[in-house]
Structures are given as C-alpha cells and as structure tokens.
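Asks: The structure's right below; bear with me while I get my questions together.
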Number of protein chains: 2
Amino acid sequence: MNQAGTATPANHQPAADGAVLADADLAQAALIALDWGTTSLRAYLFDAHGRVLATRASTTGIMNLPRSAAEGGFDAAFDDACGAWLDRARGVPVIAAGMVGSAQGWREAPYVETPASADALVAGLVRVQTACGATLHIVPGVLQRGELPNVMRGEETQIFGALSADANGAPDTNAIDSNDRSLIGLPGTHAKWAVVQAGRIERFHTFMTGEVFAALREHTILGRTMVTPDRPDTEAFLRGVNIAREKGQAGMLATVFSTRTLGLTGELPSEAQPDYLSGLLIGHELAGLEALLAQQGSSLARQSLRLIGNDALCERYRLALAQFGCLRAEPVRHATERGLWRVAVAAGLVQPFTHAARAG
Amino acid sequence: MNQAGTATPANHQPAADGAVLADADLAQAALIALDWGTTSLRAYLFDAHGRVLATRASTTGIMNLPRSAAEGGFDAAFDDACGAWLDRARGVPVIAAGMVGSAQGWREAPYVETPASADALVAGLVRVQTACGATLHIVPGVLQRGELPNVMRGEETQIFGALSADANGAPDTNAIDSNDRSLIGLPGTHAKWAVVQAGRIERFHTFMTGEVFAALREHTILGRTMVTPDRPDTEAFLRGVNIAREKGQAGMLATVFSTRTLGLTGELPSEAQPDYLSGLLIGHELAGLEALLAQQGSSLARQSLRLIGNDALCERYRLALAQFGCLRAEPVRHATERGLWRVAVAAGLVQPFTHAARAG
C-alpha cells in the first residue's frame with residue numbers, strides 16, 4: 001500500500017494500439033498488465049515510471065479463446081496479446097485481473113473477503129506458469145458474504161486504481177480522501193457500487209442493470225416496438241429516470257411496461273423507447289442506491305462520488321445522478337491500468353522509478 | 001349490468017375437449033365464446049342456463065394463425081375453433097375477448113377507459129362479419145391513462161367474470177361486495193392487479209413479472225447455473241420471496257444477482273435457483289403492490305383478494321401473499337368463461353334462462 005501510494009502511473013497516453021515498438025522503448029519495459037475479462041483482453045506495457053508505452057486489445061476473453069482451454073487456449077491468447085513484447089523484453093513481470101481468475105478462467109484466484117485492502121489482493125495473487133516461460137500473476141476478486149452475497153472480479157483493481165489516482169495528488173477539489181468513506185460506481189452489465197473507507201473496499205452492491213436492459217430489449221415485448229435512434233435521446237432518457245425516481249415506488253417490474261403503453265397511447269415514439277427504458281432502469285438503480293444510503297442517514301445529494309466505465313455510460317449516469325441532486329460525480333479515467341500498476345508495485349513485481357528513488 | 005348480475009353460469013364442468021356433441025346438446029346451444037389471445041384460442045359453447053356444453057382449445061393465437069391475416073388466417077382459425085358448432089347451430093351468437101381485439105388482431109376494438117364498467121365494455125363491442133356468415137362480437141380492452149399508462153385485453157372480461165361469481169351468491173365468506181373496493185390479481189406473463197369498486201375497474205397496474213423471469217432465465221448469466229428441479233422447490237421460492245420482502249429495499253436489479261452468488265458460495269444448489277429467482281420476482285411484485293397500498297393507508301395484510309390464473313401460479317402467489325400477512329387470497333375459477341357469458345348477456349346477445357324467466 002505504501003509503495004503503491006507513491007507510484008501511480010504518470011502518463012496514460014498509450015502508443016497506438018498494436019504499433020511496432022522501437023527496441024529502445026522495449027528496453028524501458030517494466031511491466032505487462034492484462035485486463036482479461038469474459039469477452040475481451042486488453043494488454044498494457046508499462047515503463048518503470050508507470051507510463052503506458054503500448055496497448056493491445058483483442059476479443060479473446062475467457063469465453064472466446066482461440067481454442068479450448070484443454071488445447072492451450074489460454075496460452076494462445078496470452079501469446080497473441082503479449083508474446084511479441086515478451087520475446088524482446090524477457091523477464092518483464094506480468095499481472096492480470098478479471099475473469100481470468102474465475103473458476104472458468106486460466107486458474108482460479110480465490111476471492112478475498114470484504115473489507116478488502118490492496119495488500120489483501122497482493123497476498124491473494126495466484127501464479128500461472130505460461131508455456132512461453134513467463135509467470136502470470138492473477139489478482140483475486142472480492143467476495144462480500146451475507147444473505148445477498150456479492151462478488152467482483154476486475155472491478156477491485158479498478159477501484160484501487162481510482163484511489164491511486166487520488167493519492168497521485170491531482171488538483172481535484174473532489175478528490176477522495178482515502179480515510180473518508182466514499183462511493184465509487186462502476187456502471188455496466190453488472191453495475192457495482194462500492195463503499196470505500198480507509199483504503200479498503202468495505203462493501204458493495206451489484207445491480208444487473210446493463211444485462212437486464214439487454215434482455216428486456218432483445219427478448220421481451222418491449223423490444224418489438226423499439227427503433228434505435230440515430231443519436232441518444234437525452235430527453236427520453238431523463239423522462240425514464242424521473243419516472244423511476246418519482247413514480248417508481250412499486251418497483252421496476254411495475255414501470256417497464258410503460259415503455260410499451262406510452263407507445264400505444266402515442267406519447268413515446270419508437271425511436272425514444274430505448275433511451276426511455278435505459279433511463280427507467282438506471283433511475284431504478286439510483287433509487288435503490290438512494291434507499292441504501294438512506295438506511296445510513298445519507299443521500300445521493302450529499303455524496304461526492306466517482307464513476308469508472310466507458311465515457312458515454314458514465315455521462316448517462318452523471319445526468320441521471322443530477323436528477324437525484326448528486327452534482328459531484330466525476331469519471332475516473334485509466335482506472336484499470338492504474339489499478340494493475342498499483343497492485344504490481346505493491347506486490348514488488350516492479351520497482352517504480354520515482355523522484356524519491358531518483359534522489360536516492 | 002343488471003341482466004348480467006342475475007345470469008351467471010351455473011355449471012362449468014365442460015364436456016371433454018373436442019368431444020362430439022349430440023344434436024340434442026347442440027339444440028341447446030345459446031352462445032359461443034372465444035378467449036383469443038396471442039398464442040392460444042379457447043372456445044366455449046354455452047346453453048341458455050350459462051352452462052358450458054363443450055370446449056375446444058387450439059394454439060391458433062393471433063400471432064400463430066394457420067395462415068396470414070391477409071390470406072384469411074383469422075377466418076381459418078375461427079372455423080377451426082367453432083365452425084362445426086356453427087354448422088349445426090346456425091345463428092348462435094359469438095363473442096370473443098383478448099388480443100383478437102388489438103391492433104394486431106382481427107379488428108381493433110378501441111380501449112374503454114378507466115373507470116370501466118361492464119356496460120362500457122358492452123357499448124364498446126366491435127363486430128366482425130366472418131366468412132361463414134356469423135357475426136363475431138369483440139370485447140374491448142381497458143386503458144388507464146397517466147404518466148404510467150396501463151392496458152389490458154382479456155383480463156377485463158375475467159375480472160367481470162370474477163365479480164359475477166360473487167353475485168352468483170356462492171357461499172363464500174370472502175365474497176367481494178361489489179360496492180366495496182376490492183383487489184383482484186391476475187398473475188402471469190404481464191401480471192395485473194386491479195382495484196374494483198362499485199362494479200367498475202377503477203385502476204390497475206401491470207407487473208412484467210412472468211416475462212422478466214423468462215428473459216432472466218433464458219437470456220442472462222443467471223440461467224447458466226440453473227437446473228430445472230423435478231418438482232417445485234417451495235423452500236427456495238419462499239426464501240426468494242422473503243429476501244425481496246425484507247432485504248429488497250434497493251429493488252429487483254440489486255437482488256437478482258444473488259441467484260448466482262448464492263450458488264458461487266455454495267448456499268443455493270442449481271436445482272433451487274429457478275424457484276429462488278421466481279420467489280424474488282414475485283416477492284418484489286408484492287412488495288411493490290404493498291408500497292402502492294401503503295400510499296392509500298392500506299396493506300396486503302388487510303386485503304381480502306381474488307386471484308385469477310392457472311392453479312399452480314395462483315398457489316405460488318397465495319404462498320407469497322401469506323409471507324406479506326395476506327391470508328385471504330382466493331382463486332376464482334372459470335373467470336374467463338363467466339366473464340364472456342356475463343358480457344354477452346349484458347349485451348343482449350343471449351337471453352339467459354333464469355328462475356325468474358321460468359317463473360314468468
């Protein structure tokens with residue numbers, strides 16, 4: 001943790017994806033980090049300053065390997081992602097986070113339980129010897145036990161990446177003080193909301209918002225009258241958010257049918273229906289979060305929170321959060337690679353070149 | 001309404017489906033009634049006492065016609081369902097309810113708006129001249145306008161069927177007094193909850209519980225670890241209901257992921273997961289209904305309500321309602337045919353043979 005606190009990546013402008021690196025650049029290589037999920041794999045090459053020298057992206061997620069796991073599919077995907085880097089920069093340490101550590105992944109990295117610190121992630125690293133002779137270090141996910149257990153794999157690394165960004169001392173008036181309780185949202189297929197305190201993930205919730213949206217749109221009557229608009233319809237989106245916020249007491253099951261009935265009554269064009277439904281679901285997610293905060297005497301309006309995710313989705317959430325009175329929701333960029341770097345440093349896989357080190 | 005009140009079917013034990021009727025029976029034929037939905041068509045042959053002489057069932061719902069509508073698909077399905085009856089009992093009036101009156105149906109029967117009485121349904125009947133010379137009378141659906149509009153087609157007829165059952169004077173201590181406000185639930189793909197007062201449908205809600213369950217099970221990650229059990233797992237079902245009731249404040253989007261995580265932590269076997277998820281969703285539906293009732297100073301525990309639907313599903317809801325303290329939830333049988341009969345009588349399509357008529 002201490003090491004990580006002083007060694008966050010200073011520069012995240014990567015080289016063009018797949019670009020050929022000069023040997024001079026590869027000579028600076030200090031860490032290869034993989035964000036290896038279900039449907040995609042993204043590789044980052046870092047120098048000792050924590051700068052990203054190059055990135056590579058592929059669709060060889062763990063459910064989409066070039067051949068079966070039994071036939072060496074993980075090794076093949078690994079070689080494809082970073083074999084060329086390793087050929088010319090032998091011995092560079094490699095770390096990975098995400099579903100690659102699940103029971104369906106390359107090797108299972110057992111969950112660390114909440115409250116989870118970066119040190120606990122380090123202690124839980126699982127090693128895989130690859131066919132090409134490298135050692136892959138897999139970051140464990142986090143489990144919260146209880147009547148409604150929760151799990152994450154990959155998001156824990158992004159969260160510590162977001163915390164390291166704050167520790168980096170960026171001039172951000174909303175910066176998270178790592179000793180204060182703060183809320184970090186990770187919108188997506190399975191949206192996560194994590195409460196972080198004193199540098200630990202204290203607890204978190206999973207809202208299946210993205211996957212439910214896709215299932216409703218593709219596989220229920222609601223999709224039948226929908227037409228994808230040329231551009232996002234913010235008005236329809238906010239209408240959905242506010243229906244969920246103001247009229248959503250009976251829950252999502254009771255409001256989603258309005259996507260269809262407002263169409264039947266001529267009050268919602270087909271092109272507005274996808275964004276309206278998206279707004280309804282995100283609105284219900286935030287109303288649910290509001291209810292959880294209320295149990296602790298807080299509210300969204302009193303939160304200063306961070307969002308991790310793709311820009312368009314974070315912007316959607318920012319707009320929706322504003323309807324709940326939460327005007328301080330800042331996207332955190334490069335949380336994934338910052339987190340991977342931070343865990344690698346904390347694990348001693350890489351010795352960061354810092355001002356302190358230089359002075360010494 | 002007055003007529004309908006004294007003329008409810010006395011006997012709903014139908015002849016075997018598709019059985020050949022004696023001409024003597026067909027001589028008694030007084031009404032043909034069709035429950036014509038999206039995926040099925042069910043036909044009832046009544047005598048003048050409102051007794052069901054015969055039924056026929058087919059899969060020729062409006063989205064599953066034997067040929068396209070333009071090629072006479074509706075006439076073909078109609079002939080298949082009741083052509084043989086009409087051949088031998090010419091001039092018998094025919095009535096139908098359900099999606100056959102939708103914009104995608106045989107002819108659109110514009111919605112009647114809430115508050116909706118049986119008389120309003122009669123006034124809204126739409127007539128179709130069939131190829132075989134019969135006149136089909138289509139019952140309109142009901143529309144409730146508002147920010148969350150609601151529509152029903154078919155359920156309005158079942159609701160009036162349930163009310164006529166009460167008026168029939170059955171010795172039921174929980175009978176609905178038609179002047180009191182009462183709640184009728186119609187579980188299913190799109191579950192409806194209707195508030196009925198003074199013989200009118202005052203307002204209603206649609207919960208997409210059944211269709212959301214199917215979409216989550218078939219088209220999300222939750223289905224991947226599920227195994228269909230040999231018999232319903234009531235314990236898992238009630239566990240889901242109670243999680244939704246007690247821990248569901250953050251809403252359905254926040255609880256459904258537990259179907260998977262309880263499996264990951266070894267706390268919910270694959271065979272228990274379908275019923276657990278079903279319990280979660282029905283529990284969220286009832287929690288939503290509870291929230292709506294609370295806005296009017298009431299609660300499920302204080303309701304004496306009726307359920308219309310298939311027996312197994314009504315039993316599920318009855319068990320779930322008991323968890324909310326509602327111990328008076330009685331299934332209403334034969335609501336569909338009772339309702340069709342009632343509207344036909346109110347419309348003067350059939351002159352019921354009653355004790356009063358016999359005395360006169």
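Ligands are numbered from 1 in the order shown, chains are lettered A, B, ... in the order of the structure tokens, and residues start at 1 in each chain.
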What lies within 8 Å of range 276-288 of chain B using only C-alpha atoms, ignoring chain neighbours under 2 positions off, as a VMD selection string?
Replies: (chain A and resid 249 to 251 253 to 254) or (chain B and resid 207 209 213 236 to 245 248 251 to 252 255 to 256 259 272 to 274 290 to 292 317 320 to 321 324)
Asks: Keeping N, CA and C atoms, export the residues of the selection given above as an mmCIF file, in the first residue's frame.
Replies:
data_model
loop_
_atom_site.group_PDB
_atom_site.id
_atom_site.type_symbol
_atom_site.label_atom_id
_atom_site.label_comp_id
_atom_site.auth_asym_id
_atom_site.auth_seq_id
_atom_site.Cartn_x
_atom_site.Cartn_y
_atom_site.Cartn_z
ATOM 1 N N GLN A 249 -42.264 3.777 -6.963
ATOM 2 C CA GLN A 249 -42.370 3.109 -5.654
ATOM 3 C C GLN A 249 -42.714 1.633 -5.777
ATOM 4 N N ALA A 250 -43.448 1.273 -6.829
ATOM 5 C CA ALA A 250 -43.854 -0.132 -6.976
ATOM 6 C C ALA A 250 -42.758 -0.969 -7.626
ATOM 7 N N GLY A 251 -41.654 -0.331 -7.965
ATOM 8 C CA GLY A 251 -40.519 -1.101 -8.468
ATOM 9 C C GLY A 251 -40.467 -1.218 -9.975
ATOM 10 N N LEU A 253 -40.472 -3.772 -11.970
ATOM 11 C CA LEU A 253 -41.418 -4.672 -12.655
ATOM 12 C C LEU A 253 -42.698 -3.931 -13.019
ATOM 13 N N ALA A 254 -43.027 -2.883 -12.245
ATOM 14 C CA ALA A 254 -44.282 -2.166 -12.457
ATOM 15 C C ALA A 254 -44.149 -0.984 -13.413
ATOM 16 N N PHE B 207 -47.382 -5.641 -13.789
ATOM 17 C CA PHE B 207 -46.028 -6.054 -13.405
ATOM 18 C C PHE B 207 -45.575 -7.091 -14.428
ATOM 19 N N THR B 209 -43.733 -9.450 -14.445
ATOM 20 C CA THR B 209 -43.028 -10.480 -13.670
ATOM 21 C C THR B 209 -42.741 -11.746 -14.469
ATOM 22 N N PHE B 213 -39.048 -12.863 -15.707
ATOM 23 C CA PHE B 213 -38.489 -14.132 -15.226
ATOM 24 C C PHE B 213 -37.958 -14.959 -16.398
ATOM 25 N N ALA B 236 -37.089 -22.879 -1.542
ATOM 26 C CA ALA B 236 -36.285 -21.899 -2.281
ATOM 27 C C ALA B 236 -37.155 -20.730 -2.741
ATOM 28 N N PHE B 237 -38.385 -21.045 -3.152
ATOM 29 C CA PHE B 237 -39.311 -19.997 -3.583
ATOM 30 C C PHE B 237 -39.574 -19.009 -2.443
ATOM 31 N N LEU B 238 -39.881 -19.534 -1.269
ATOM 32 C CA LEU B 238 -40.196 -18.647 -0.139
ATOM 33 C C LEU B 238 -38.961 -17.890 0.341
ATOM 34 N N ARG B 239 -37.803 -18.511 0.192
ATOM 35 C CA ARG B 239 -36.566 -17.797 0.525
ATOM 36 C C ARG B 239 -36.434 -16.559 -0.353
ATOM 37 N N GLY B 240 -36.701 -16.734 -1.655
ATOM 38 C CA GLY B 240 -36.653 -15.593 -2.571
ATOM 39 C C GLY B 240 -37.683 -14.539 -2.211
ATOM 40 N N VAL B 241 -38.899 -14.975 -1.916
ATOM 41 C CA VAL B 241 -39.961 -14.031 -1.539
ATOM 42 C C VAL B 241 -39.512 -13.193 -0.345
ATOM 43 N N ASN B 242 -38.951 -13.867 0.649
ATOM 44 C CA ASN B 242 -38.611 -13.150 1.879
ATOM 45 C C ASN B 242 -37.371 -12.282 1.749
ATOM 46 N N ILE B 243 -36.451 -12.672 0.889
ATOM 47 C CA ILE B 243 -35.333 -11.766 0.608
ATOM 48 C C ILE B 243 -35.871 -10.483 -0.027
ATOM 49 N N ALA B 244 -36.765 -10.624 -0.997
ATOM 50 C CA ALA B 244 -37.338 -9.434 -1.640
ATOM 51 C C ALA B 244 -38.092 -8.581 -0.621
ATOM 52 N N ARG B 245 -38.814 -9.251 0.273
ATOM 53 C CA ARG B 245 -39.656 -8.532 1.241
ATOM 54 C C ARG B 245 -38.807 -7.825 2.299
ATOM 55 N N GLY B 248 -35.102 -6.218 0.171
ATOM 56 C CA GLY B 248 -35.257 -5.783 -1.214
ATOM 57 C C GLY B 248 -35.377 -4.289 -1.417
ATOM 58 N N GLY B 251 -34.294 -2.741 -4.547
ATOM 59 C CA GLY B 251 -35.000 -3.089 -5.777
ATOM 60 C C GLY B 251 -34.506 -4.369 -6.419
ATOM 61 N N MET B 252 -35.303 -4.797 -7.409
ATOM 62 C CA MET B 252 -35.048 -6.071 -8.062
ATOM 63 C C MET B 252 -33.688 -6.127 -8.735
ATOM 64 N N THR B 255 -31.151 -7.363 -6.255
ATOM 65 C CA THR B 255 -31.242 -8.656 -5.558
ATOM 66 C C THR B 255 -31.044 -9.852 -6.485
ATOM 67 N N VAL B 256 -31.377 -9.717 -7.774
ATOM 68 C CA VAL B 256 -31.391 -10.915 -8.622
ATOM 69 C C VAL B 256 -30.009 -11.556 -8.788
ATOM 70 N N THR B 259 -29.000 -14.809 -7.007
ATOM 71 C CA THR B 259 -29.280 -16.147 -7.535
ATOM 72 C C THR B 259 -27.969 -16.819 -7.935
ATOM 73 N N ALA B 272 -32.246 -25.354 -7.037
ATOM 74 C CA ALA B 272 -33.077 -24.438 -6.253
ATOM 75 C C ALA B 272 -33.128 -23.045 -6.869
ATOM 76 N N GLN B 273 -32.240 -22.803 -7.825
ATOM 77 C CA GLN B 273 -32.119 -21.434 -8.344
ATOM 78 C C GLN B 273 -33.344 -20.945 -9.132
ATOM 79 N N PRO B 274 -33.998 -21.786 -9.953
ATOM 80 C CA PRO B 274 -35.180 -21.268 -10.654
ATOM 81 C C PRO B 274 -36.286 -20.809 -9.698
ATOM 82 N N GLU B 290 -47.525 -3.651 -2.152
ATOM 83 C CA GLU B 290 -47.613 -3.186 -0.762
ATOM 84 C C GLU B 290 -47.323 -1.686 -0.680
ATOM 85 N N ALA B 291 -46.321 -1.238 -1.434
ATOM 86 C CA ALA B 291 -45.979 0.187 -1.426
ATOM 87 C C ALA B 291 -47.133 1.022 -1.988
ATOM 88 N N LEU B 292 -47.797 0.513 -3.025
ATOM 89 C CA LEU B 292 -48.937 1.233 -3.593
ATOM 90 C C LEU B 292 -50.098 1.289 -2.596
ATOM 91 N N TYR B 317 -48.639 -17.554 -5.748
ATOM 92 C CA TYR B 317 -48.961 -16.215 -5.243
ATOM 93 C C TYR B 317 -49.604 -16.286 -3.857
ATOM 94 N N ALA B 320 -46.891 -16.724 -1.427
ATOM 95 C CA ALA B 320 -46.103 -15.493 -1.308
ATOM 96 C C ALA B 320 -46.889 -14.421 -0.548
ATOM 97 N N LEU B 321 -48.186 -14.313 -0.848
ATOM 98 C CA LEU B 321 -49.013 -13.318 -0.158
ATOM 99 C C LEU B 321 -49.057 -13.580 1.339
ATOM 100 N N PHE B 324 -46.566 -11.888 3.285
ATOM 101 C CA PHE B 324 -46.862 -10.464 3.493
ATOM 102 C C PHE B 324 -48.047 -10.295 4.449
#
Asks: Give the helix (DSSP H, G or I) residues of range 18-111 of chain B, as DSSP finds them on the backbone, and put them as a list in words.
Replies: Asp23, Ala24, Asp25, Leu26, Ala27, Ala69, Ala70, Glu71, Gly73, Phe74, Asp75, Ala76, Ala77, Phe78, Asp79, Asp80, Ala81, Cys82, Gly83, Ala84, Trp85, Leu86, Asp87, Arg88, Met99, Val100 and Gly101 of chain B
Asks: Selection from above, C-alpha atoms, as a PDB file, in the first residue's frame, can you write it?
Replies:
ATOM      1  CA  ASP B  23     -77.537 -32.933 -31.797  1.00  0.00           C
ATOM      2  CA  ALA B  24     -79.743 -32.776 -28.721  1.00  0.00           C
ATOM      3  CA  ASP B  25     -76.972 -30.891 -26.922  1.00  0.00           C
ATOM      4  CA  LEU B  26     -76.349 -28.605 -29.871  1.00  0.00           C
ATOM      5  CA  ALA B  27     -80.047 -27.819 -29.917  1.00  0.00           C
ATOM      6  CA  ALA B  69     -54.276 -12.481 -41.783  1.00  0.00           C
ATOM      7  CA  ALA B  70     -54.298 -11.218 -45.384  1.00  0.00           C
ATOM      8  CA  GLU B  71     -54.915 -14.787 -46.573  1.00  0.00           C
ATOM      9  CA  GLY B  73     -55.962 -16.604 -41.276  1.00  0.00           C
ATOM     10  CA  PHE B  74     -58.475 -15.285 -38.756  1.00  0.00           C
ATOM     11  CA  ASP B  75     -61.389 -16.904 -40.589  1.00  0.00           C
ATOM     12  CA  ALA B  76     -59.471 -20.179 -40.805  1.00  0.00           C
ATOM     13  CA  ALA B  77     -58.713 -20.205 -37.077  1.00  0.00           C
ATOM     14  CA  PHE B  78     -62.300 -19.212 -36.324  1.00  0.00           C
ATOM     15  CA  ASP B  79     -63.711 -22.036 -38.468  1.00  0.00           C
ATOM     16  CA  ASP B  80     -61.342 -24.490 -36.892  1.00  0.00           C
ATOM     17  CA  ALA B  81     -62.397 -23.457 -33.405  1.00  0.00           C
ATOM     18  CA  CYS B  82     -66.166 -23.290 -33.778  1.00  0.00           C
ATOM     19  CA  GLY B  83     -67.145 -23.914 -37.400  1.00  0.00           C
ATOM     20  CA  ALA B  84     -68.510 -27.388 -36.610  1.00  0.00           C
ATOM     21  CA  TRP B  85     -70.680 -25.950 -33.830  1.00  0.00           C
ATOM     22  CA  LEU B  86     -71.982 -23.175 -36.066  1.00  0.00           C
ATOM     23  CA  ASP B  87     -72.766 -25.629 -38.873  1.00  0.00           C
ATOM     24  CA  ARG B  88     -75.209 -27.391 -36.624  1.00  0.00           C
ATOM     25  CA  MET B  99     -55.727  -9.849 -28.167  1.00  0.00           C
ATOM     26  CA  VAL B 100     -58.054 -10.608 -31.099  1.00  0.00           C
ATOM     27  CA  GLY B 101     -59.272  -7.032 -30.499  1.00  0.00           C
TER      28      GLY B 101
END
Asks: Go through A:Leu293, A:Ala97, A:Val52, A:Val196 one by one, measure the shortest atom-to-atom distance of each to chain B using only C-alpha atoms, and give the residue with the smallest value.
Replies: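 Of all the options, A:Leu293 lies closest to chain B.
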Asks: Between B:Ala329, B:Ala301, B:Ala103, B:Val122, which is the closest to chain A once you count only C-alpha atoms?
Replies: B:Ala103
Asks: Find the spatial neighbours of Gly188 in chain B, counting only C-alpha atoms, within a cut-off of 8 Å - ignore same-chain residues fewer than 5 positions away - and output them as a count of residues only.
Replies: 4
Asks: Considering only C-alpha atoms, state which residue in the set B:Leu136, B:Leu143, B:Ala344, B:Val92 is at the smallest distance from chain A.
Replies: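 Under the stated criterion, the closest residue is B:Leu143.
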Asks: Can you tell me how far CA of Ser58 in chain B sits from CA of Tyr44 in chain B, in Å to one decimal?
Replies: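 Distance between the two atoms: 12.0 Å.
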Asks: Among the residues of range 167-254 of chain A, find those DSSP assigns to strand (DSSP E) from the backbone and print them as a PyMOL selection string.
Replies: chain A and resi 182-186+191-197+200-207
Asks: Would you compute the distance between CA of Asn310 in chain A and CA of Met63 in chain A? Give it in Å to one decimal.
Replies: 21.5 Å
Asks: Counting only C-alpha atoms, figure out which residue out of B:Pro229, B:Gly199, B:Gly37, B:Gly223 gets nearest to Met152 in chain B.
Replies: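 Of B:Pro229, B:Gly199, B:Gly37, B:Gly223, the one nearest Met152 in chain B, counting only C-alpha atoms, is B:Gly37.
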Asks: Measuring atom to atom with only C-alpha atoms, identify which of B:Asn64, B:Thr265, B:Gln158, B:Thr225 is nearest to chain A.
Replies: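 Of all the options, B:Thr265 lies closest to chain A.
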Asks: Rank B:Ser40, B:Ser258, B:Gln351, B:Gln129 by their smallest atom-to-atom distance to chain A, using only C-alpha atoms, and report the top residue only.
Replies: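 The shortest atom-to-atom distance to chain A comes from B:Ser258.
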Asks: Can you list, as a VMD selection string, every protein, DNA or RNA residue that comes within 7 Å of Glu211 in chain B when you count only C-alpha atoms, leaving out same-chain residues fewer than 5 positions away?
Replies: (chain A and resid 220) or (chain B and resid 189 to 190)
Asks: In Å, with one decimal, what is the gap from CA of Glu330 in chain A to CA of Cys314 in chain A?
Replies: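 The value is 8.6 Å.
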